[in-house]
Structure formats: C-alpha cells, structure tokens
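Chemist: My structure is stored as target.cif, with mmCIF, C-alpha atoms.
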```cif
data_upload
#
loop_
_atom_site.label_atom_id
_atom_site.label_comp_id
_atom_site.auth_asym_id
_atom_site.auth_seq_id
_atom_site.Cartn_x
_atom_site.Cartn_y
_atom_site.Cartn_z
CA MET L 1 88.80 129.05 115.71
CA THR L 2 88.28 132.75 116.55
CA LYS L 3 84.69 133.92 116.69
CA SER L 4 83.47 137.02 114.88
CA GLN L 5 82.85 140.24 116.82
CA ASP L 6 79.34 140.33 115.38
CA TYR L 7 77.52 138.02 117.77
CA LEU L 8 74.64 137.95 120.24
CA LEU L 9 75.36 137.12 123.88
CA SER L 10 72.53 135.68 125.98
CA VAL L 11 72.72 135.74 129.77
CA VAL L 12 70.32 133.27 131.41
CA VAL L 13 69.45 133.94 135.07
CA PRO L 14 67.17 131.57 137.03
CA VAL L 15 65.41 133.49 139.81
CA TYR L 16 63.67 132.19 142.91
CA ASN L 17 62.78 134.65 145.71
CA GLU L 18 65.62 137.05 144.89
CA GLY L 19 63.52 140.22 145.10
CA ALA L 20 65.71 141.80 147.77
CA GLY L 21 68.85 141.73 145.68
CA ILE L 22 67.73 141.52 142.06
CA ALA L 23 68.14 145.25 141.35
CA GLY L 24 71.72 145.22 142.64
CA PHE L 25 72.49 142.07 140.70
CA HIS L 26 71.10 143.54 137.48
CA ALA L 27 73.18 146.70 137.90
CA SER L 28 76.35 144.68 138.46
CA LEU L 29 75.50 142.55 135.44
CA LEU L 30 75.20 145.60 133.18
CA ASP L 31 78.38 147.10 134.65
CA SER L 32 80.24 143.90 133.73
CA ILE L 33 78.92 143.68 130.17
CA LYS L 34 79.42 147.30 129.09
CA PRO L 35 83.23 147.52 129.57
CA ALA L 36 83.65 144.36 127.46
CA HIS L 37 82.25 146.20 124.41
CA ILE L 38 79.52 143.58 124.06
CA ASN L 39 77.07 145.63 122.07
CA ASN L 40 74.56 142.94 121.21
CA PHE L 41 73.23 141.07 124.22
CA GLU L 42 70.06 139.93 125.94
CA ILE L 43 69.32 139.00 129.55
CA VAL L 44 66.80 136.21 130.05
CA TYR L 45 65.44 136.11 133.59
CA VAL L 46 63.52 132.93 134.45
CA ASN L 47 61.18 133.39 137.40
CA ASP L 48 60.90 129.95 138.99
CA GLY L 49 57.59 130.42 140.80
CA SER L 50 58.91 133.01 143.28
CA THR L 51 56.64 133.79 146.23
CA ASP L 52 58.12 137.23 146.96
CA ASP L 53 58.16 140.32 144.72
CA SER L 54 60.82 138.95 142.35
CA LEU L 55 58.45 138.76 139.36
CA ALA L 56 57.18 142.29 139.88
CA LYS L 57 60.73 143.63 139.97
CA LEU L 58 61.71 141.61 136.92
CA ARG L 59 58.76 143.03 134.98
CA VAL L 60 59.94 146.54 135.89
CA LEU L 61 63.41 145.68 134.56
CA ALA L 62 61.87 144.36 131.34
CA LYS L 63 59.91 147.60 130.97
CA ASP L 64 62.97 149.80 131.57
CA TYR L 65 65.46 147.76 129.53
CA SER L 66 64.57 146.48 126.08
CA ARG L 67 67.33 143.87 126.25
CA VAL L 68 65.69 142.16 129.25
CA ARG L 69 63.32 139.22 128.70
CA VAL L 70 61.34 137.64 131.52
CA LEU L 71 60.18 134.05 131.38
CA SER L 72 57.87 133.23 134.30
CA LEU L 73 57.14 129.59 135.13
CA SER L 74 53.69 128.70 136.45
CA ARG L 75 55.13 127.31 139.70
CA ASN L 76 58.43 126.40 141.31
CA PHE L 77 59.90 123.64 139.14
CA GLY L 78 63.40 123.84 140.63
CA LYS L 79 66.62 125.45 139.48
CA GLU L 80 67.58 122.74 136.99
CA ILE L 81 64.30 123.05 135.09
CA ALA L 82 64.37 126.86 135.29
CA THR L 83 67.90 126.90 133.86
CA THR L 84 66.80 124.50 131.13
CA ALA L 85 63.86 126.75 130.23
CA GLY L 86 66.21 129.72 129.96
CA LEU L 87 68.64 127.80 127.76
CA HIS L 88 65.77 126.78 125.49
CA ALA L 89 64.60 130.39 125.18
CA ALA L 90 68.03 131.97 124.66
CA ALA L 91 68.76 133.20 121.14
CA GLY L 92 72.45 134.02 121.54
CA ASP L 93 75.48 132.73 119.67
CA ALA L 94 77.01 132.33 123.12
CA ILE L 95 74.91 131.70 126.24
CA ILE L 96 75.97 132.30 129.83
CA THR L 97 74.11 130.89 132.83
CA ILE L 98 74.61 132.71 136.12
CA ASP L 99 72.89 132.70 139.53
CA ALA L 100 70.89 135.73 140.63
CA ASP L 101 72.12 135.68 144.22
CA GLY L 102 75.33 137.50 143.26
CA GLN L 103 77.72 134.74 144.31
CA HIS L 104 78.82 134.21 140.72
CA PRO L 105 80.96 137.30 139.98
CA PRO L 106 79.52 138.99 136.84
CA GLU L 107 82.82 140.81 136.27
CA LEU L 108 84.24 137.55 134.90
CA ILE L 109 81.82 137.52 131.96
CA PRO L 110 84.35 139.21 129.61
CA LYS L 111 86.83 136.41 130.39
CA PHE L 112 84.22 133.78 129.56
CA VAL L 113 83.54 135.52 126.25
CA GLU L 114 87.27 135.78 125.48
CA ARG L 115 87.73 132.02 125.96
CA TRP L 116 84.72 131.39 123.72
CA GLN L 117 86.04 133.72 121.04
CA ALA L 118 89.34 131.85 121.17
CA GLY L 119 87.57 128.60 120.28
CA ALA L 120 86.20 127.02 123.47
CA LYS L 121 82.69 125.63 123.09
CA VAL L 122 82.09 125.37 126.85
CA VAL L 123 83.64 127.62 129.49
CA ILE L 124 83.05 126.48 133.07
CA GLY L 125 83.32 128.53 136.23
CA VAL L 126 85.04 126.54 138.97
CA ARG L 127 84.14 127.72 142.43
CA GLN L 128 86.91 127.81 145.02
CA SER L 129 86.06 126.97 148.63
CA ASN L 130 85.29 129.95 150.83
CA GLN L 131 85.18 130.74 154.53
CA HIS L 132 81.37 130.87 154.64
CA GLU L 133 81.03 127.29 153.42
CA GLY L 134 79.97 124.86 156.15
CA LEU L 135 81.78 121.61 156.85
CA VAL L 136 78.83 119.52 155.70
CA LYS L 137 78.64 121.27 152.33
CA HIS L 138 82.44 121.34 151.97
CA TYR L 139 82.97 117.62 152.50
CA GLY L 140 79.62 116.73 150.97
CA SER L 141 80.74 118.46 147.78
CA LYS L 142 83.97 116.45 147.72
CA ILE L 143 82.07 113.20 148.21
CA PHE L 144 79.62 114.18 145.46
CA TYR L 145 82.32 114.84 142.84
CA LYS L 146 84.30 111.69 143.70
CA THR L 147 81.17 109.55 143.57
CA TYR L 148 79.92 111.24 140.40
CA ASN L 149 83.20 110.81 138.53
CA ARG L 150 83.49 107.17 139.56
CA LEU L 151 79.91 106.16 138.71
CA ILE L 152 79.27 108.33 135.67
CA GLY L 153 82.63 107.97 133.95
CA ILE L 154 82.55 111.61 132.79
CA LYS L 155 85.09 113.74 134.65
CA MET L 156 83.58 116.73 136.40
CA ILE L 157 86.11 119.11 137.93
CA PRO L 158 85.45 119.57 141.69
CA GLY L 159 83.81 122.95 142.20
CA SER L 160 82.31 123.05 138.70
CA SER L 161 79.32 125.34 138.85
CA ASP L 162 76.33 126.38 136.80
CA TYR L 163 78.23 129.60 136.04
CA ARG L 164 79.26 128.69 132.52
CA LEU L 165 79.15 129.68 128.89
CA ILE L 166 78.09 127.38 126.08
CA ASP L 167 78.28 127.88 122.33
CA ARG L 168 75.13 127.95 120.22
CA SER L 169 75.99 124.54 118.77
CA VAL L 170 76.14 123.07 122.29
CA GLN L 171 72.81 124.68 123.15
CA GLN L 172 71.19 123.12 120.07
CA GLU L 173 72.31 119.66 121.18
CA PHE L 174 71.28 120.34 124.78
CA VAL L 175 67.73 121.13 123.62
CA ARG L 176 67.49 117.59 122.20
CA MET L 177 67.93 116.04 125.66
CA THR L 178 64.57 115.25 127.23
CA GLU L 179 65.28 113.96 130.76
CA ARG L 180 62.96 115.32 133.45
CA SER L 181 65.16 114.55 136.45
CA ARG L 182 68.33 116.29 135.40
CA ILE L 183 71.50 117.99 136.46
CA THR L 184 72.20 120.63 133.84
CA ARG L 185 75.97 120.78 134.26
CA GLY L 186 76.17 116.99 133.96
CA LEU L 187 74.22 116.97 130.71
CA ILE L 188 76.41 119.71 129.25
CA ASP L 189 79.54 117.79 130.25
CA TRP L 190 78.08 114.62 128.67
CA LEU L 191 77.80 116.46 125.35
CA GLY L 192 81.57 116.82 125.25
CA TYR L 193 83.13 119.58 123.11
CA ARG L 194 86.18 121.61 123.97
CA ARG L 195 86.01 122.85 127.56
CA GLU L 196 87.99 125.47 129.43
CA TYR L 197 87.84 126.51 133.06
CA ILE L 198 87.87 129.79 134.96
CA LYS L 199 88.36 129.75 138.73
CA PHE L 200 86.47 132.19 140.91
CA LYS L 201 85.79 133.00 144.55
CA ALA L 202 82.14 133.33 145.44
CA ASN L 203 80.86 136.78 146.30
CA PRO L 204 78.68 137.42 149.39
CA ARG L 205 75.04 136.59 148.78
CA LEU L 206 72.82 139.55 147.81
CA GLY L 207 70.01 139.83 150.34
CA SER L 208 68.69 136.28 150.07
CA SER L 209 69.04 133.05 151.95
CA ALA L 210 70.57 129.95 150.42
CA GLY L 211 68.29 128.55 147.73
CA TYR L 212 69.49 124.99 148.22
CA SER L 213 68.67 123.31 151.53
CA TYR L 214 70.39 120.08 152.50
CA LYS L 215 67.23 118.25 151.45
CA LYS L 216 67.37 119.82 147.96
CA LEU L 217 71.09 119.09 147.69
CA MET L 218 70.47 115.44 148.55
CA LYS L 219 67.67 115.27 145.97
CA LEU L 220 70.01 116.81 143.37
CA PHE L 221 72.63 114.17 144.21
CA VAL L 222 70.13 111.30 143.89
CA ASP L 223 68.60 112.70 140.68
CA SER L 224 72.02 113.15 139.10
CA MET L 225 73.07 109.59 139.98
CA VAL L 226 69.85 108.10 138.61
CA SER L 227 69.75 110.32 135.52
CA MET L 228 73.41 110.08 134.55
CA SER L 229 74.38 106.58 135.72
CA LYS L 230 73.05 103.03 135.52
CA SER L 231 75.34 101.83 138.33
CA PRO L 232 72.68 101.93 141.09
CA LEU L 233 70.72 99.30 139.16
CA TYR L 234 73.65 96.91 139.51
CA ILE L 235 74.17 97.21 143.27
CA SER L 236 72.09 94.13 144.07
CA ALA L 237 73.93 92.16 141.39
CA TYR L 238 77.31 93.09 142.89
CA LEU L 239 76.11 91.99 146.34
CA GLY L 240 74.71 88.77 144.90
CA VAL L 241 77.98 87.95 143.15
CA ILE L 242 79.70 88.19 146.54
CA ILE L 243 77.09 86.47 148.71
CA LEU L 244 76.14 83.59 146.37
CA PRO L 245 79.60 81.99 145.91
CA LEU L 246 80.50 82.71 149.54
CA SER L 247 77.39 80.96 150.88
CA THR L 248 77.91 78.09 148.43
CA LEU L 249 81.50 77.63 149.60
CA ILE L 250 80.51 77.71 153.27
CA GLY L 251 77.71 75.22 152.66
CA LEU L 252 79.98 72.79 150.80
CA VAL L 253 82.60 72.96 153.54
CA MET L 254 79.96 72.26 156.19
CA VAL L 255 78.49 69.29 154.28
CA VAL L 256 81.88 67.74 153.45
CA ASP L 257 83.03 68.25 157.03
CA ALA L 258 79.92 66.51 158.34
CA LEU L 259 80.36 63.57 155.93
CA LEU L 260 83.98 63.11 157.03
CA GLY L 261 83.09 63.04 160.72
CA ASP L 262 83.71 66.73 161.51
CA PRO L 263 87.55 66.79 161.25
CA LEU L 264 87.47 70.61 161.26
CA ASN L 265 85.49 70.68 164.51
CA ILE L 266 82.87 72.95 163.02
CA ASN L 267 80.11 71.37 165.06
CA ALA L 268 77.47 72.79 162.72
CA THR L 269 73.96 72.68 164.11
CA GLY L 270 70.73 72.45 162.18
CA SER L 271 70.15 76.19 162.60
CA ALA L 272 73.59 76.88 161.09
CA TYR L 273 72.61 74.94 157.96
CA ILE L 274 69.38 76.94 157.78
CA VAL L 275 71.32 80.22 158.03
CA VAL L 276 73.66 79.18 155.22
CA LEU L 277 70.69 78.06 153.11
CA LEU L 278 69.00 81.41 153.66
CA LEU L 279 72.24 83.19 152.75
CA PHE L 280 72.40 81.16 149.54
CA LEU L 281 68.79 82.02 148.67
CA VAL L 282 69.46 85.71 149.35
CA GLY L 283 72.40 85.51 146.94
CA VAL L 284 70.19 83.92 144.29
CA LEU L 285 67.56 86.60 144.83
CA LEU L 286 70.11 89.43 144.55
CA VAL L 287 71.59 87.99 141.36
CA SER L 288 68.06 87.70 139.94
CA GLN L 289 67.40 91.33 140.82
CA GLY L 290 70.67 92.24 139.16
CA ILE L 291 69.55 90.53 135.94
CA ILE L 292 66.32 92.54 136.08
CA GLY L 293 68.48 95.63 136.69
CA LEU L 294 70.36 94.91 133.46
CA TYR L 295 67.14 94.99 131.50
CA LEU L 296 65.95 98.11 133.34
CA SER L 297 69.23 99.82 132.51
CA HIS L 298 68.58 99.29 128.81
CA ILE L 299 65.03 100.62 129.20
CA HIS L 300 66.43 103.58 131.16
CA THR L 301 68.89 104.35 128.36
CA GLU L 302 66.28 104.07 125.63
CA THR L 303 63.70 106.25 127.39
CA GLN L 304 66.27 109.03 127.91
CA ASN L 305 66.16 109.47 124.14
CA ARG L 306 69.61 111.05 123.98
CA PRO L 307 71.33 111.36 120.61
CA LEU L 308 73.57 108.43 119.76
CA TYR L 309 76.48 110.78 119.11
CA ILE L 310 77.34 114.44 118.73
CA ILE L 311 79.22 115.81 115.72
CA ASP L 312 81.39 118.87 116.27
CA LYS L 313 80.89 120.47 112.86
CA GLU L 314 83.67 123.01 113.32
CA GLY L 315 86.14 120.23 114.06
CA SER L 316 85.04 118.10 111.11
CA ALA L 317 85.78 118.49 107.41
CA ASN L 318 83.98 117.88 104.10
CA LEU L 319 80.70 116.97 105.77
CA ASN L 320 77.86 115.91 103.52
CA GLU L 321 75.09 117.93 105.13
CA GLY L 322 72.44 116.26 103.02
CA SER L 323 73.14 112.84 104.55
CA ALA L 324 72.61 114.01 108.16
#
```
Translate this file's structure into structure tokens.

Modeler:
Amino acid sequence: MTKSQDYLLSVVVPVYNEGAGIAGFHASLLDSIKPAHINNFEIVYVNDGSTDDSLAKLRVLAKDYSRVRVLSLSRNFGKEIATTAGLHAAAGDAIITIDADGQHPPELIPKFVERWQAGAKVVIGVRQSNQHEGLVKHYGSKIFYKTYNRLIGIKMIPGSSDYRLIDRSVQQEFVRMTERSRITRGLIDWLGYRREYIKFKANPRLGSSAGYSYKKLMKLFVDSMVSMSKSPLYISAYLGVIILPLSTLIGLVMVVDALLGDPLNINATGSAYIVVLLLFLVGVLLVSQGIIGLYLSHIHTETQNRPLYIIDKEGSANLNEGSA
C-alpha cells in the first residue's frame, strides 16, 4: 500500500555526551532530509542526562530551528529508555530512530522513507562489519544474535541496529509495552508487521567516544534475555532432568551389583554411595527449582502486560471497529 505524500516524518535522536559532534550531525541530518523533498518533519532530540554541553547545544538548535524539539531526561536512564521516550513523544506518521554519534549514515533516510511509502511498516538498518570493530565486539555480536534467535524464537538479522523506521501504527502498539528492562529493537521485532532491511557501513564517529562499554553491552545482553525470553528460568530444570535419571541409574546399578556379589567389579565404597545420593538429591532440587521457574515464567509473562495480539488494520478487511 503506497503512502500519501502528505505525511509528517519524525526523527528521534537519543543523545548522551555528544556535544563535540552534535552540530555536525544536525547539519548532515538536514542535508539528508532536504533533497528527499520531505517538507513536513520534526527532529526530536532526547538528552539522556548528558554531563557535557550537549543539552546547551541542543537548546540552541531548538531556538534556531522550529522543527527541532528537545526532550531532556532528569538523569542518565540509558539509551533504551531514551529511545523509548523519544518514540513516545514523536508525532510523525513515520518515525526514524538514529544515533547522534554519526555512525548511522543520515543520507540513507530517503531510502527508509521510500520503503515505508511502498508499504513496509518497519524498515531496519543492518550494520555491516567494519575495520574499526574489535574482535571482542565482532564475535560477541555474532554470539549475541545466535543466542537471541535460539532463545527468543523471533529472528533478528545479525547486524540489526537501532537505525530504523517504524510506521505510526507500530509506534502506537509499541507505546502499550511497559517493560522497564528492555531492548527496543527486540520489542519492535516482537510486534511483527512487514519488515524490510537496508544494509549500511558505519561512518566514523563524530567527536565522541563509544557510548557502550563492554559492561553496558553485557548488561544489554542480560536484560534482553530476561525481558524477551523465559528460557533462563528453565536452566535448572534442564540440568535436573539430566542429573536425576542419571544418578538414579547409577545408584540402581551399584545396589544391584552389590546384591549380586559385585559381578561388575565396581567395588563401591560407602563414600561412593554418599556421592550418588547427593547427586540424586541435587537432581531433585534442580527439578524442584525448575517447577518454581515454570510458575515464575507465567508471572513474568503476566507482569509484562503485553497485548495478547496485534492486528494489522491495513492488512485486514471489514473490521468491526466498535467491537475492538
């Protein structure tokens, strides 16, 4: 379904200590929007508790450009929350999220809009590996996506970034999601809808150091696993299912062998029986924890308060709006 030319484009930009490069980023952003004949747009900068002069420079931009809005958070809540705040505040028919460090090439914005106008509800920027990427981040990223796809059950293309466009209908559903520990791209992917992908090579960073340390990346990984998957709750149950029958089998073999006069020459001592007994009890304990994990998983799902389902109204027909 082709979108009308009469639309509002929102560009959401989370900012944390990007004062050194924010002016250059803003100029490149405007230079990318103007040639695309996007006449109606807004830029929503979200200051995520910056400790440099980022907020002061953003306020100057808001004063000089009427299309610029600045949303300043009271402290540093983290990129995921800052992006969420920007998505909540955006008023556009199409909303683009892009990093302020310049690594997401703004010149691709017209291509994102074209895909959206052609009917895509979500357009995702897929980052290609680059020469400045360290080995830890390179292989860590591969491990993350493989683990994520296996545990979550929702396919995320390796290299998928927060540089993406979502339709207004997707944004409205995203607002309904109330998780506090979140990975924005994962929640958007969970919503479904028609997705398309645009590959890009990251630009050099504009005058700022990397916003994500290894500690923050690890926290993001853990938060995404806990928020998007119930599998970690079942780990103890899986171990128990292995250990319990194994210890039971070993114990039975040892007892039968002892009753028959030790034909297998096991020569089991009293301490060996104690070890097997302890192994059996550990298996029972792990299975019990797994049962508790099952109940916790249901509590986890209920407290997330996600919608039971999402209706793509454009893809449906003869909907009775009054029964919604």

Chemist: Step by step, work through what the PyMOL selection byres ((chain L and resi 69) around 8) selects in the shown file, and finish by giving those residues as a PyMOL selection string.

Modeler: chain L and resi 42-45+62+66-68+70-71

Chemist: Those residues with C-alpha atoms, as an mmCIF file, keeping the file's coordinate frame please?

Modeler:
```cif
data_model
loop_
_atom_site.group_PDB
_atom_site.id
_atom_site.type_symbol
_atom_site.label_atom_id
_atom_site.label_comp_id
_atom_site.auth_asym_id
_atom_site.auth_seq_id
_atom_site.Cartn_x
_atom_site.Cartn_y
_atom_site.Cartn_z
ATOM 1 C CA GLU L 42 70.060 139.930 125.940
ATOM 2 C CA ILE L 43 69.320 139.000 129.550
ATOM 3 C CA VAL L 44 66.800 136.210 130.050
ATOM 4 C CA TYR L 45 65.440 136.110 133.590
ATOM 5 C CA ALA L 62 61.870 144.360 131.340
ATOM 6 C CA SER L 66 64.570 146.480 126.080
ATOM 7 C CA ARG L 67 67.330 143.870 126.250
ATOM 8 C CA VAL L 68 65.690 142.160 129.250
ATOM 9 C CA VAL L 70 61.340 137.640 131.520
ATOM 10 C CA LEU L 71 60.180 134.050 131.380
#
```

Chemist: If we count only C-alpha atoms, what is near Ala56 of chain L at a cut-off of 12 Å, once residues fewer than 3 positions away on the same chain are taken out, given as a PyMOL selection string?

Modeler: chain L and resi 17-20+22-23+47+49-53+59-63+70+72

Chemist: Run the PyMOL selection byres ((chain L and resi 128) around 10) mentally over the shown coordinates, then write out the matched residues as a tab-separated table (two decimals) with C-alpha atoms, in the coordinates of the input, using the chain letters and numbers from the document.

Modeler:
```
chain	number	residue	atom	x	y	z
L	125	GLY	CA	83.32	128.53	136.23
L	126	VAL	CA	85.04	126.54	138.97
L	127	ARG	CA	84.14	127.72	142.43
L	129	SER	CA	86.06	126.97	148.63
L	130	ASN	CA	85.29	129.95	150.83
L	158	PRO	CA	85.45	119.57	141.69
L	159	GLY	CA	83.81	122.95	142.20
L	160	SER	CA	82.31	123.05	138.70
L	199	LYS	CA	88.36	129.75	138.73
L	200	PHE	CA	86.47	132.19	140.91
L	201	LYS	CA	85.79	133.00	144.55
L	202	ALA	CA	82.14	133.33	145.44
```

Chemist: Would you mind telling me which residue in L:Ser169, L:Asn267, L:Asn40, L:Thr248 lies nearest to Leu281 of chain L when using only C-alpha atoms?

Modeler: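 Using only C-alpha atoms, the shortest distance to Leu281 of chain L belongs to L:Thr248.
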
Chemist: Just how far from atom CA of Thr83 of chain L is atom CA of Glu173 of chain L, in Å to one decimal?

Modeler: 15.3 Å

Chemist: Given only C-alpha atoms as the basis, pick out the residue of L:Ile274, L:Leu165, L:Val282, L:Ile38 nearest to Ile242 of chain L.

Modeler: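 Smallest separation from Ile242 of chain L among the options: L:Val282.
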
Chemist: Nearest to Glu107 of chain L: which of L:Ser28, L:Ala120, L:Ile243, L:Pro14 is it, counting only C-alpha atoms?

Modeler: L:Ser28

Chemist: Provide the atom CA of Gly92 of chain L to atom CA of Pro204 of chain L distance in Å, to one decimal place.

Modeler: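 Straight-line distance from atom CA of Gly92 of chain L to atom CA of Pro204 of chain L works out to 28.7 Å.
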
Chemist: Taking the file as shown, find all residues satisfying the PyMOL selection byres ((chain L and resi 289) around 12) and write them as an mmCIF file with C-alpha atoms, keeping the file's coordinate frame.

Modeler:
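Result written to result_35.cif:
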```
data_model
loop_
_atom_site.group_PDB
_atom_site.id
_atom_site.type_symbol
_atom_site.label_atom_id
_atom_site.label_comp_id
_atom_site.auth_asym_id
_atom_site.auth_seq_id
_atom_site.Cartn_x
_atom_site.Cartn_y
_atom_site.Cartn_z
ATOM 1 C CA PRO L 232 72.680 101.930 141.090
ATOM 2 C CA LEU L 233 70.720 99.300 139.160
ATOM 3 C CA TYR L 234 73.650 96.910 139.510
ATOM 4 C CA ILE L 235 74.170 97.210 143.270
ATOM 5 C CA SER L 236 72.090 94.130 144.070
ATOM 6 C CA ALA L 237 73.930 92.160 141.390
ATOM 7 C CA TYR L 238 77.310 93.090 142.890
ATOM 8 C CA LEU L 239 76.110 91.990 146.340
ATOM 9 C CA GLY L 240 74.710 88.770 144.900
ATOM 10 C CA VAL L 241 77.980 87.950 143.150
ATOM 11 C CA VAL L 282 69.460 85.710 149.350
ATOM 12 C CA GLY L 283 72.400 85.510 146.940
ATOM 13 C CA VAL L 284 70.190 83.920 144.290
ATOM 14 C CA LEU L 285 67.560 86.600 144.830
ATOM 15 C CA LEU L 286 70.110 89.430 144.550
ATOM 16 C CA VAL L 287 71.590 87.990 141.360
ATOM 17 C CA SER L 288 68.060 87.700 139.940
ATOM 18 C CA GLY L 290 70.670 92.240 139.160
ATOM 19 C CA ILE L 291 69.550 90.530 135.940
ATOM 20 C CA ILE L 292 66.320 92.540 136.080
ATOM 21 C CA GLY L 293 68.480 95.630 136.690
ATOM 22 C CA LEU L 294 70.360 94.910 133.460
ATOM 23 C CA TYR L 295 67.140 94.990 131.500
ATOM 24 C CA LEU L 296 65.950 98.110 133.340
#
```

Chemist: How far is it from atom CA of Asp6 of chain L to atom CA of Asp93 of chain L, in Å with one decimal?

Modeler: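 Distance between the two atoms: 9.5 Å.
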
Chemist: Find the residues near Lys111 of chain L: any atom within 12 Å, counting only C-alpha atoms, skip ones fewer than 2 places away on the same chain, and give them as a ChimeraX atom specification.

Modeler: /L:32-33,35-36,96,105-109,113-118,120,123-125,164-165,196-200

Chemist: Which of these, L:Ala27, L:Leu87, L:Ile250, L:Val122, has the shortest distance to Ser10 of chain L once you count only C-alpha atoms?

Modeler: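 Nearest candidate to Ser10 of chain L out of L:Ala27, L:Leu87, L:Ile250, L:Val122: L:Leu87.
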
Chemist: Could you tell me which of L:Ser271, L:Val256, L:Glu80, L:Asn203 comes closest to Gly186 of chain L if we count only C-alpha atoms?

Modeler: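 Among L:Ser271, L:Val256, L:Glu80, L:Asn203, it is L:Glu80 that comes nearest to Gly186 of chain L.
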